[in-house]
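One file, entry-v8.pdb, carrying PDB, C-alpha atoms:
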```
ATOM      1  CA  MET O1154      18.219  -6.711  -8.180  1.00  0.00           C
ATOM      2  CA  LEU O1155      16.123  -6.389  -5.042  1.00  0.00           C
ATOM      3  CA  LYS O1156      15.329  -9.748  -3.448  1.00  0.00           C
ATOM      4  CA  ILE O1157      11.617 -10.351  -2.805  1.00  0.00           C
ATOM      5  CA  ALA O1158      10.058 -12.760  -0.319  1.00  0.00           C
ATOM      6  CA  VAL O1159       6.400 -13.675  -0.823  1.00  0.00           C
ATOM      7  CA  MET O1160       4.536 -14.866   2.272  1.00  0.00           C
ATOM      8  CA  VAL O1161       1.600 -17.209   1.720  1.00  0.00           C
ATOM      9  CA  SER O1162      -0.827 -19.512   3.506  1.00  0.00           C
ATOM     10  CA  GLY O1163      -3.045 -21.057   0.817  1.00  0.00           C
ATOM     11  CA  GLY O1164      -3.462 -21.514  -2.897  1.00  0.00           C
ATOM     12  CA  GLY O1165      -1.040 -18.830  -3.984  1.00  0.00           C
ATOM     13  CA  THR O1166      -2.973 -17.218  -6.835  1.00  0.00           C
ATOM     14  CA  ASN O1167      -1.358 -13.846  -6.170  1.00  0.00           C
ATOM     15  CA  LEU O1168       2.026 -15.545  -5.962  1.00  0.00           C
ATOM     16  CA  GLN O1169       1.310 -17.002  -9.405  1.00  0.00           C
ATOM     17  CA  ALA O1170       0.482 -13.526 -10.698  1.00  0.00           C
ATOM     18  CA  LEU O1171       3.900 -12.365  -9.494  1.00  0.00           C
ATOM     19  CA  ILE O1172       5.631 -15.392 -11.028  1.00  0.00           C
ATOM     20  CA  ASP O1173       3.907 -14.742 -14.368  1.00  0.00           C
ATOM     21  CA  ALA O1174       4.802 -11.047 -14.211  1.00  0.00           C
ATOM     22  CA  GLU O1175       8.445 -11.871 -13.534  1.00  0.00           C
ATOM     23  CA  ARG O1176       8.507 -14.209 -16.532  1.00  0.00           C
ATOM     24  CA  ARG O1177       7.142 -11.391 -18.686  1.00  0.00           C
ATOM     25  CA  GLY O1178       9.889  -9.074 -17.454  1.00  0.00           C
ATOM     26  CA  GLU O1179       7.464  -6.853 -15.548  1.00  0.00           C
ATOM     27  CA  LEU O1180       9.156  -6.959 -12.120  1.00  0.00           C
ATOM     28  CA  LYS O1181      11.772  -4.350 -12.904  1.00  0.00           C
ATOM     29  CA  ASN O1182      14.824  -4.455 -10.639  1.00  0.00           C
ATOM     30  CA  GLY O1183      13.173  -7.190  -8.524  1.00  0.00           C
ATOM     31  CA  GLU O1184      13.647 -10.938  -8.174  1.00  0.00           C
ATOM     32  CA  LEU O1185      11.357 -13.475  -6.496  1.00  0.00           C
ATOM     33  CA  SER O1186      13.890 -15.056  -4.147  1.00  0.00           C
ATOM     34  CA  ALA O1187      11.841 -16.853  -1.496  1.00  0.00           C
ATOM     35  CA  VAL O1188       8.348 -18.090  -0.699  1.00  0.00           C
ATOM     36  CA  ILE O1189       7.551 -18.466   3.000  1.00  0.00           C
ATOM     37  CA  SER O1190       4.407 -20.307   4.033  1.00  0.00           C
ATOM     38  CA  SER O1191       2.652 -20.511   7.385  1.00  0.00           C
ATOM     39  CA  ASN O1192       1.026 -23.745   6.183  1.00  0.00           C
ATOM     40  CA  ALA O1193       3.009 -26.829   5.184  1.00  0.00           C
ATOM     41  CA  ASP O1194       0.158 -27.994   2.936  1.00  0.00           C
ATOM     42  CA  ALA O1195      -0.298 -24.728   1.035  1.00  0.00           C
ATOM     43  CA  TYR O1196      -0.545 -25.225  -2.725  1.00  0.00           C
ATOM     44  CA  ALA O1197       1.487 -22.030  -3.064  1.00  0.00           C
ATOM     45  CA  LEU O1198       4.552 -24.109  -2.170  1.00  0.00           C
ATOM     46  CA  GLU O1199       3.960 -26.242  -5.270  1.00  0.00           C
ATOM     47  CA  ARG O1200       3.760 -23.069  -7.363  1.00  0.00           C
ATOM     48  CA  ALA O1201       7.089 -21.945  -5.900  1.00  0.00           C
ATOM     49  CA  ASN O1202       8.723 -25.302  -6.624  1.00  0.00           C
ATOM     50  CA  ARG O1203       7.508 -25.262 -10.212  1.00  0.00           C
ATOM     51  CA  ALA O1204       9.013 -21.793 -10.641  1.00  0.00           C
ATOM     52  CA  PHE O1205      12.282 -22.906  -8.980  1.00  0.00           C
ATOM     53  CA  ILE O1206      11.870 -20.408  -6.143  1.00  0.00           C
ATOM     54  CA  PRO O1207      13.282 -21.582  -2.786  1.00  0.00           C
ATOM     55  CA  SER O1208      10.432 -22.176  -0.337  1.00  0.00           C
ATOM     56  CA  TYR O1209      10.249 -22.376   3.440  1.00  0.00           C
ATOM     57  CA  VAL O1210       7.611 -23.265   6.028  1.00  0.00           C
ATOM     58  CA  LEU O1211       7.346 -21.282   9.255  1.00  0.00           C
ATOM     59  CA  ARG O1212       4.260 -22.150  11.290  1.00  0.00           C
ATOM     60  CA  ARG O1213       2.909 -19.852  13.996  1.00  0.00           C
ATOM     61  CA  ARG O1214       1.917 -22.785  16.191  1.00  0.00           C
ATOM     62  CA  ASP O1215       5.558 -23.838  16.495  1.00  0.00           C
ATOM     63  CA  PHE O1216       6.308 -20.695  18.509  1.00  0.00           C
ATOM     64  CA  ASP O1217       5.247 -19.616  21.998  1.00  0.00           C
ATOM     65  CA  SER O1218       4.157 -16.114  20.989  1.00  0.00           C
ATOM     66  CA  THR O1219       3.551 -13.777  18.089  1.00  0.00           C
ATOM     67  CA  ASP O1220       6.738 -11.931  19.028  1.00  0.00           C
ATOM     68  CA  ALA O1221       8.782 -15.142  18.933  1.00  0.00           C
ATOM     69  CA  TYR O1222       7.319 -15.971  15.530  1.00  0.00           C
ATOM     70  CA  GLY O1223       8.161 -12.488  14.288  1.00  0.00           C
ATOM     71  CA  ASP O1224      11.724 -12.788  15.555  1.00  0.00           C
ATOM     72  CA  ALA O1225      12.222 -16.085  13.721  1.00  0.00           C
ATOM     73  CA  LEU O1226      10.722 -14.656  10.554  1.00  0.00           C
ATOM     74  CA  ALA O1227      12.905 -11.546  10.750  1.00  0.00           C
ATOM     75  CA  GLU O1228      15.995 -13.705  11.213  1.00  0.00           C
ATOM     76  CA  MET O1229      15.096 -15.776   8.160  1.00  0.00           C
ATOM     77  CA  LEU O1230      14.493 -12.699   6.027  1.00  0.00           C
ATOM     78  CA  GLY O1231      17.799 -11.224   7.155  1.00  0.00           C
ATOM     79  CA  GLN O1232      19.713 -14.388   6.286  1.00  0.00           C
ATOM     80  CA  LEU O1233      18.108 -14.359   2.840  1.00  0.00           C
ATOM     81  CA  ASP O1234      18.989 -10.656   2.347  1.00  0.00           C
ATOM     82  CA  ILE O1235      15.370  -9.800   1.496  1.00  0.00           C
ATOM     83  CA  GLY O1236      14.656  -6.213   0.485  1.00  0.00           C
ATOM     84  CA  LEU O1237      10.866  -6.439   0.068  1.00  0.00           C
ATOM     85  CA  VAL O1238       8.308  -8.636   1.829  1.00  0.00           C
ATOM     86  CA  VAL O1239       4.994  -9.256   0.049  1.00  0.00           C
ATOM     87  CA  LEU O1240       2.002 -10.653   1.932  1.00  0.00           C
ATOM     88  CA  ALA O1241      -0.059 -12.564  -0.625  1.00  0.00           C
ATOM     89  CA  GLY O1242      -2.836 -14.383   1.187  1.00  0.00           C
ATOM     90  CA  PHE O1243      -0.764 -14.680   4.372  1.00  0.00           C
ATOM     91  CA  MET O1244      -3.223 -15.508   7.146  1.00  0.00           C
ATOM     92  CA  THR O1245      -1.041 -15.028  10.225  1.00  0.00           C
ATOM     93  CA  VAL O1246      -1.164 -11.663  11.988  1.00  0.00           C
ATOM     94  CA  LEU O1247       2.349 -10.284  12.407  1.00  0.00           C
ATOM     95  CA  SER O1248       3.575  -8.759  15.644  1.00  0.00           C
ATOM     96  CA  PRO O1249       3.774  -4.963  16.027  1.00  0.00           C
ATOM     97  CA  ASP O1250       7.531  -5.283  16.577  1.00  0.00           C
ATOM     98  CA  PHE O1251       7.982  -7.148  13.284  1.00  0.00           C
ATOM     99  CA  CYS O1252       5.900  -4.544  11.439  1.00  0.00           C
ATOM    100  CA  ARG O1253       8.021  -1.739  12.895  1.00  0.00           C
ATOM    101  CA  ARG O1254      11.277  -3.488  11.972  1.00  0.00           C
ATOM    102  CA  PHE O1255      10.174  -3.853   8.361  1.00  0.00           C
ATOM    103  CA  GLU O1256       8.331  -0.558   8.087  1.00  0.00           C
ATOM    104  CA  GLY O1257       8.291   0.684   4.520  1.00  0.00           C
ATOM    105  CA  ARG O1258       9.528  -2.693   3.224  1.00  0.00           C
ATOM    106  CA  ILE O1259       6.440  -4.862   3.572  1.00  0.00           C
ATOM    107  CA  ILE O1260       3.274  -4.671   1.458  1.00  0.00           C
ATOM    108  CA  ASN O1261      -0.068  -6.484   1.410  1.00  0.00           C
ATOM    109  CA  ILE O1262      -2.867  -7.076  -1.085  1.00  0.00           C
ATOM    110  CA  HIS O1263      -6.404  -6.796   0.302  1.00  0.00           C
ATOM    111  CA  PRO O1264      -9.581  -7.683  -1.668  1.00  0.00           C
ATOM    112  CA  SER O1265     -11.566  -4.499  -1.071  1.00  0.00           C
ATOM    113  CA  LEU O1266     -11.300  -0.760  -1.531  1.00  0.00           C
ATOM    114  CA  ILE O1267      -9.829   0.174   1.854  1.00  0.00           C
ATOM    115  CA  PRO O1268     -11.195   1.614   4.162  1.00  0.00           C
ATOM    116  CA  SER O1269     -14.249  -0.473   3.238  1.00  0.00           C
ATOM    117  CA  PHE O1270     -14.456  -4.087   4.454  1.00  0.00           C
ATOM    118  CA  CYS O1271     -11.045  -4.257   6.096  1.00  0.00           C
ATOM    119  CA  GLY O1272      -9.559  -5.031   9.499  1.00  0.00           C
ATOM    120  CA  PRO O1273      -9.009  -8.186  11.584  1.00  0.00           C
ATOM    121  CA  SER O1274     -12.301  -9.943  10.742  1.00  0.00           C
ATOM    122  CA  PHE O1275     -12.200  -9.263   7.000  1.00  0.00           C
ATOM    123  CA  TYR O1276     -10.224 -11.849   5.052  1.00  0.00           C
ATOM    124  CA  GLY O1277     -10.816 -14.270   2.195  1.00  0.00           C
ATOM    125  CA  LEU O1278     -14.448 -14.849   1.273  1.00  0.00           C
ATOM    126  CA  HIS O1279     -15.616 -12.900   4.350  1.00  0.00           C
ATOM    127  CA  VAL O1280     -14.698  -9.676   2.547  1.00  0.00           C
ATOM    128  CA  HIS O1281     -16.884 -10.467  -0.435  1.00  0.00           C
ATOM    129  CA  GLU O1282     -19.729 -11.778   1.723  1.00  0.00           C
ATOM    130  CA  ALA O1283     -19.738  -8.450   3.577  1.00  0.00           C
ATOM    131  CA  ALA O1284     -19.669  -6.444   0.344  1.00  0.00           C
ATOM    132  CA  LEU O1285     -22.654  -8.338  -1.048  1.00  0.00           C
ATOM    133  CA  ALA O1286     -24.545  -8.105   2.249  1.00  0.00           C
ATOM    134  CA  LYS O1287     -24.051  -4.333   2.235  1.00  0.00           C
ATOM    135  CA  GLY O1288     -25.290  -4.086  -1.334  1.00  0.00           C
ATOM    136  CA  VAL O1289     -22.372  -2.069  -2.680  1.00  0.00           C
ATOM    137  CA  LYS O1290     -22.245  -1.565  -6.440  1.00  0.00           C
ATOM    138  CA  VAL O1291     -18.467  -1.316  -6.629  1.00  0.00           C
ATOM    139  CA  THR O1292     -15.710  -3.165  -4.784  1.00  0.00           C
ATOM    140  CA  GLY O1293     -12.097  -3.811  -5.728  1.00  0.00           C
ATOM    141  CA  ALA O1294      -8.634  -4.397  -4.314  1.00  0.00           C
ATOM    142  CA  THR O1295      -5.951  -2.405  -2.522  1.00  0.00           C
ATOM    143  CA  VAL O1296      -2.195  -2.775  -2.237  1.00  0.00           C
ATOM    144  CA  HIS O1297      -0.862  -1.031   0.853  1.00  0.00           C
ATOM    145  CA  PHE O1298       2.160  -0.852   3.098  1.00  0.00           C
ATOM    146  CA  VAL O1299       1.814  -2.928   6.253  1.00  0.00           C
ATOM    147  CA  SER O1300       1.662  -1.183   9.613  1.00  0.00           C
ATOM    148  CA  GLU O1301       0.888  -2.265  13.167  1.00  0.00           C
ATOM    149  CA  VAL O1302      -2.802  -1.693  12.381  1.00  0.00           C
ATOM    150  CA  VAL O1303      -4.329  -4.513  10.316  1.00  0.00           C
ATOM    151  CA  ASP O1304      -5.029  -3.142   6.811  1.00  0.00           C
ATOM    152  CA  GLY O1305      -4.134   0.312   8.147  1.00  0.00           C
ATOM    153  CA  GLY O1306      -0.931   1.148   6.278  1.00  0.00           C
ATOM    154  CA  ALA O1307      -0.491   3.751   3.543  1.00  0.00           C
ATOM    155  CA  ILE O1308      -2.294   2.894   0.297  1.00  0.00           C
ATOM    156  CA  ILE O1309      -0.115   2.304  -2.772  1.00  0.00           C
ATOM    157  CA  LEU O1310      -2.620   1.331  -5.487  1.00  0.00           C
ATOM    158  CA  GLN O1311      -6.346   0.623  -5.774  1.00  0.00           C
ATOM    159  CA  LYS O1312      -8.584  -0.643  -8.557  1.00  0.00           C
ATOM    160  CA  ALA O1313     -12.382  -0.726  -8.636  1.00  0.00           C
ATOM    161  CA  VAL O1314     -14.385  -3.764  -9.758  1.00  0.00           C
ATOM    162  CA  GLU O1315     -18.103  -3.849 -10.591  1.00  0.00           C
ATOM    163  CA  VAL O1316     -20.462  -5.859  -8.409  1.00  0.00           C
ATOM    164  CA  ARG O1317     -23.065  -7.553 -10.634  1.00  0.00           C
ATOM    165  CA  GLU O1318     -26.593  -8.719 -10.040  1.00  0.00           C
ATOM    166  CA  GLY O1319     -26.618 -12.339  -8.932  1.00  0.00           C
ATOM    167  CA  ASP O1320     -22.989 -12.393  -7.764  1.00  0.00           C
ATOM    168  CA  THR O1321     -22.057 -14.972  -5.152  1.00  0.00           C
ATOM    169  CA  PRO O1322     -19.059 -14.408  -2.868  1.00  0.00           C
ATOM    170  CA  GLU O1323     -17.095 -16.950  -4.916  1.00  0.00           C
ATOM    171  CA  VAL O1324     -17.927 -15.317  -8.251  1.00  0.00           C
ATOM    172  CA  LEU O1325     -17.115 -11.859  -6.923  1.00  0.00           C
ATOM    173  CA  GLN O1326     -13.862 -13.086  -5.392  1.00  0.00           C
ATOM    174  CA  LYS O1327     -12.740 -14.488  -8.746  1.00  0.00           C
ATOM    175  CA  ARG O1328     -13.605 -11.245 -10.586  1.00  0.00           C
ATOM    176  CA  VAL O1329     -11.730  -9.121  -8.044  1.00  0.00           C
ATOM    177  CA  MET O1330      -8.708 -11.383  -8.398  1.00  0.00           C
ATOM    178  CA  GLN O1331      -8.723 -11.337 -12.193  1.00  0.00           C
ATOM    179  CA  GLU O1332      -9.540  -7.668 -12.718  1.00  0.00           C
ATOM    180  CA  ALA O1333      -7.714  -6.088  -9.783  1.00  0.00           C
ATOM    181  CA  GLU O1334      -5.463  -8.181  -7.531  1.00  0.00           C
ATOM    182  CA  TRP O1335      -3.436  -9.916 -10.230  1.00  0.00           C
ATOM    183  CA  LYS O1336      -2.786  -6.587 -11.958  1.00  0.00           C
ATOM    184  CA  LEU O1337      -2.193  -4.337  -8.951  1.00  0.00           C
ATOM    185  CA  LEU O1338       0.226  -6.500  -6.987  1.00  0.00           C
ATOM    186  CA  PRO O1339       2.892  -6.989  -9.706  1.00  0.00           C
ATOM    187  CA  ARG O1340       2.731  -3.279 -10.546  1.00  0.00           C
ATOM    188  CA  ALA O1341       3.143  -2.245  -6.909  1.00  0.00           C
ATOM    189  CA  VAL O1342       6.053  -4.648  -6.444  1.00  0.00           C
ATOM    190  CA  SER O1343       7.772  -3.326  -9.558  1.00  0.00           C
ATOM    191  CA  LEU O1344       7.264   0.299  -8.478  1.00  0.00           C
ATOM    192  CA  PHE O1345       8.828  -0.487  -5.103  1.00  0.00           C
ATOM    193  CA  CYS O1346      11.805  -2.293  -6.620  1.00  0.00           C
ATOM    194  CA  GLU O1347      12.354   0.614  -9.019  1.00  0.00           C
ATOM    195  CA  GLY O1348      12.459   3.014  -6.077  1.00  0.00           C
ATOM    196  CA  ARG O1349       9.415   4.884  -7.340  1.00  0.00           C
ATOM    197  CA  LEU O1350       7.316   4.841  -4.158  1.00  0.00           C
ATOM    198  CA  LYS O1351       7.704   7.683  -1.669  1.00  0.00           C
ATOM    199  CA  ILE O1352       5.843   7.652   1.644  1.00  0.00           C
ATOM    200  CA  GLU O1353       4.879  11.031   3.053  1.00  0.00           C
ATOM    201  CA  GLY O1354       2.878  10.661   6.248  1.00  0.00           C
ATOM    202  CA  GLU O1355      -0.142   8.520   5.411  1.00  0.00           C
ATOM    203  CA  LYS O1356       0.167   9.006   1.668  1.00  0.00           C
ATOM    204  CA  VAL O1357       2.240   7.242  -0.982  1.00  0.00           C
ATOM    205  CA  HIS O1358       3.432   9.170  -4.021  1.00  0.00           C
ATOM    206  CA  ILE O1359       4.476   7.457  -7.241  1.00  0.00           C
ATOM    207  CA  ILE O1360       7.578   9.040  -8.730  1.00  0.00           C
ATOM    208  CA  GLU O1361       7.300   9.324 -12.499  1.00  0.00           C
TER     209      GLU O1361
END
```

Now that the file is in, can you turn its structure into structure tokens?
Amino acid sequence: MLKIAVMVSGGGTNLQALIDAERRGELKNGELSAVISSNADAYALERANRAFIPSYVLRRRDFDSTDAYGDALAEMLGQLDIGLVVLAGFMTVLSPDFCRRFEGRIINIHPSLIPSFCGPSFYGLHVHEAALAKGVKVTGATVHFVSEVVDGGAIILQKAVEVREGDTPEVLQKRVMQEAEWKLLPRAVSLFCEGRLKIEGEKVHIIE
């Protein structure tokens, strides 16, 4: 079984989707082995405790630099023998060195159809506010490998979600979570753990 670490900063709804998927037997060849939070008050830690998953807090502000934070995180992941790192609402930007060290072993869920509404300033409700301001009719979510470029790694899975008349950012956020994020992330994690993802350049192929 491949050991999975989920990195969080807030409520942990995507973590819960992974926990529920594991309980249903849908994380094939993978095991949720650690939850690492950048925020000591994150509700995601309570979700981890309820699921009996060991949890840890590693705050960026306790380190002098992004590189030092990345080094500490890499050391922790190594000690835990983690094979896959999942960013699930993790709000701390990781250092380029860390991203290179874990290249091909770290994935992220983003609440838009990349390349739309992505990059350093697009996170949380800001993504959905931008989508509504632009007047798009369709949005969605993307699971992708993490690279040195924020939201720039190879795309694994995407799912479209309808934007409806009268949507608020909060309503749209909830629909994207329910219809896309909570379905895509467990599937992508399972595909990785099964060894069914092959990266070729900027593309990811799913091995049947």

- Query: On this structure, which residues satisfy the PyMOL selection byres ((chain O and resi 1157) around 8), written as a VMD selection string?
  - Reply: chain O and resid 1155 to 1156 1158 to 1159 1183 to 1187 1235 to 1239

Any chance you could export the current selection's C-alpha atoms as an mmCIF file, keeping the file's coordinate frame?
```cif
data_model
loop_
_atom_site.group_PDB
_atom_site.id
_atom_site.type_symbol
_atom_site.label_atom_id
_atom_site.label_comp_id
_atom_site.auth_asym_id
_atom_site.auth_seq_id
_atom_site.Cartn_x
_atom_site.Cartn_y
_atom_site.Cartn_z
ATOM 1 C CA LEU O 1155 16.123 -6.389 -5.042
ATOM 2 C CA LYS O 1156 15.329 -9.748 -3.448
ATOM 3 C CA ALA O 1158 10.058 -12.760 -0.319
ATOM 4 C CA VAL O 1159 6.400 -13.675 -0.823
ATOM 5 C CA GLY O 1183 13.173 -7.190 -8.524
ATOM 6 C CA GLU O 1184 13.647 -10.938 -8.174
ATOM 7 C CA LEU O 1185 11.357 -13.475 -6.496
ATOM 8 C CA SER O 1186 13.890 -15.056 -4.147
ATOM 9 C CA ALA O 1187 11.841 -16.853 -1.496
ATOM 10 C CA ILE O 1235 15.370 -9.800 1.496
ATOM 11 C CA GLY O 1236 14.656 -6.213 0.485
ATOM 12 C CA LEU O 1237 10.866 -6.439 0.068
ATOM 13 C CA VAL O 1238 8.308 -8.636 1.829
ATOM 14 C CA VAL O 1239 4.994 -9.256 0.049
#
```

* Answer key for the PyMOL selection byres ((chain O and resi 1278-1295) around 8), residues as number ranges by chain -> O: 1262-1267, 1270-1271, 1274-1277, 1296-1297, 1308-1317, 1320-1323, 1325-1326, 1329, 1333-1334, 1337

(message) Would you pick out the contacts of region 1204-1219 of chain O at 9 Å or less, using all atoms listed in the file, so that residues sharing its chain but fewer than 4 positions from it are not included, and give the list as a list of chain:residue names?
(response) O:Ile1172, O:Leu1185, O:Ser1186, O:Ala1187, O:Val1188, O:Ile1189, O:Ser1190, O:Ser1191, O:Asn1192, O:Ala1193, O:Leu1198, O:Glu1199, O:Arg1200, O:Gly1223, O:Asp1224, O:Ala1225, O:Leu1226, O:Thr1245, O:Val1246, O:Leu1247, O:Ser1248

Shortest contact to Glu1301 (chain O), candidates O:Val1342, O:Ala1227, O:Ile1259, O:Val1324, atoms counted all atoms listed in the file, goes to O:Ile1259

CA of Leu1344 (chain O) to CA of Gln1331 (chain O) measures 20.1 Å

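Across the structure, CA of Pro1273 (chain O) and CA of Gly1257 (chain O) are spaced 20.7 Å apart.
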
Open item on the list: Nearest residue to Ser1269 (chain O) out of O:Pro1249, O:Gly1305, O:Gly1242, O:Gly1178, using only C-alpha atoms?
Closed with: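 Among the listed residues, O:Gly1305 lies closest to Ser1269 (chain O).
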
As a check of understanding: the span from CA of Pro1339 (chain O) to CA of Leu1171 (chain O) is 5.5 Å

inquiry  = Can you tell me which residues surround Gly1164 (chain O) at a distance of at most 7 Å, considering all atoms listed in the file, apart from same-chain residues fewer than 5 positions away, and format the answer as a count of residues only?
reply    = 3

Could you work out an axis-aligned box for region 1247-1257 of chain O, taking every atom the file lists and adding 6 Å on each side, and report centre and edge lengths in Å to one decimal, as JSON?
```
{"center_x": 6.8, "center_y": -4.8, "center_z": 10.5, "size_x": 20.9, "size_y": 23.0, "size_z": 24.1}
```

Original post:
Could you pull the residues within 8 Å of Val1357 (chain O), counting all atoms listed in the file, minus those fewer than 4 positions along the same chain, as a ChimeraX atom specification?
Top reply: /O:1307-1309,1350-1353

| Nearest residue to Ser1162 (chain O) from the set O:Asn1202, O:Gly1272, O:Asp1194, O:Asp1234 (distances using all atoms listed in the file) |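 When distances to Ser1162 (chain O) are compared using all atoms listed in the file, the smallest one comes from O:Asp1194.
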
query = Nearest to Arg1349 (chain O): which of O:Asp1304, O:Lys1181, O:Met1229, O:Trp1335 is it, counting all atoms listed in the file?
reply =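 Checking each candidate against Arg1349 (chain O), we get O:Lys1181 as the closest.
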
message = Since I can't run it myself right now, could you work out what the PyMOL selection byres ((chain O and resi 1256) around 10) selects here and report it as a ChimeraX atom specification?
response = /O:1250-1255,1257-1260,1298-1301,1306

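Proximity of O:Met1160, O:Leu1338, O:Leu1240, O:Leu1233 to Asp1173 (chain O), computed with only C-alpha atoms, is greatest for O:Leu1338.
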
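With distances taken over all atoms listed in the file, O:Ala1241 is the one residue among O:Glu1179, O:Ala1241, O:Ala1221, O:Arg1203 lying closest to Asn1167 (chain O).
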
Complete region 1240-1247 of chain O with all heavy atoms (output as a short mmCIF file (atom, residue, chain, number, x, y, z; two decimals), in the coordinates of the input).
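And here's out.cif as it stands now:
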```
data_model
loop_
_atom_site.label_atom_id
_atom_site.label_comp_id
_atom_site.auth_asym_id
_atom_site.auth_seq_id
_atom_site.Cartn_x
_atom_site.Cartn_y
_atom_site.Cartn_z
N LEU O 1240 3.01 -9.77 1.36
CA LEU O 1240 2.00 -10.65 1.93
C LEU O 1240 0.96 -10.93 0.85
O LEU O 1240 0.28 -10.02 0.39
CB LEU O 1240 1.35 -10.00 3.15
CG LEU O 1240 2.28 -9.51 4.27
CD1 LEU O 1240 1.47 -9.02 5.46
CD2 LEU O 1240 3.26 -10.60 4.70
N ALA O 1241 0.85 -12.19 0.46
CA ALA O 1241 -0.06 -12.56 -0.62
C ALA O 1241 -0.94 -13.71 -0.15
O ALA O 1241 -0.66 -14.88 -0.39
CB ALA O 1241 0.73 -12.97 -1.87
N GLY O 1242 -1.99 -13.36 0.60
CA GLY O 1242 -2.84 -14.38 1.19
C GLY O 1242 -2.19 -15.00 2.40
O GLY O 1242 -2.38 -16.19 2.68
N PHE O 1243 -1.42 -14.21 3.15
CA PHE O 1243 -0.76 -14.68 4.37
C PHE O 1243 -1.72 -14.47 5.53
O PHE O 1243 -2.11 -13.35 5.84
CB PHE O 1243 0.54 -13.91 4.59
CG PHE O 1243 1.37 -14.43 5.73
CD1 PHE O 1243 1.98 -15.67 5.64
CD2 PHE O 1243 1.56 -13.67 6.87
CE1 PHE O 1243 2.76 -16.16 6.67
CE2 PHE O 1243 2.34 -14.14 7.90
CZ PHE O 1243 2.94 -15.39 7.81
N MET O 1244 -2.12 -15.56 6.19
CA MET O 1244 -3.22 -15.51 7.15
C MET O 1244 -2.80 -15.41 8.61
O MET O 1244 -3.62 -15.52 9.50
CB MET O 1244 -4.11 -16.75 6.97
CG MET O 1244 -4.65 -16.92 5.56
SD MET O 1244 -5.57 -15.47 4.99
CE MET O 1244 -7.00 -15.58 6.05
N THR O 1245 -1.53 -15.18 8.86
CA THR O 1245 -1.04 -15.03 10.22
C THR O 1245 -0.79 -13.55 10.51
O THR O 1245 -0.09 -12.88 9.76
CB THR O 1245 0.26 -15.82 10.43
OG1 THR O 1245 0.01 -17.21 10.19
CG2 THR O 1245 0.80 -15.64 11.83
N VAL O 1246 -1.37 -13.06 11.61
CA VAL O 1246 -1.16 -11.66 11.99
C VAL O 1246 0.25 -11.50 12.53
O VAL O 1246 0.69 -12.25 13.41
CB VAL O 1246 -2.20 -11.22 13.04
CG1 VAL O 1246 -1.91 -9.79 13.50
CG2 VAL O 1246 -3.61 -11.30 12.48
N LEU O 1247 0.97 -10.52 12.01
CA LEU O 1247 2.35 -10.28 12.41
C LEU O 1247 2.41 -9.37 13.63
O LEU O 1247 1.55 -8.52 13.83
CB LEU O 1247 3.12 -9.66 11.24
CG LEU O 1247 3.22 -10.56 10.00
CD1 LEU O 1247 3.69 -9.77 8.80
CD2 LEU O 1247 4.15 -11.74 10.27
#
```
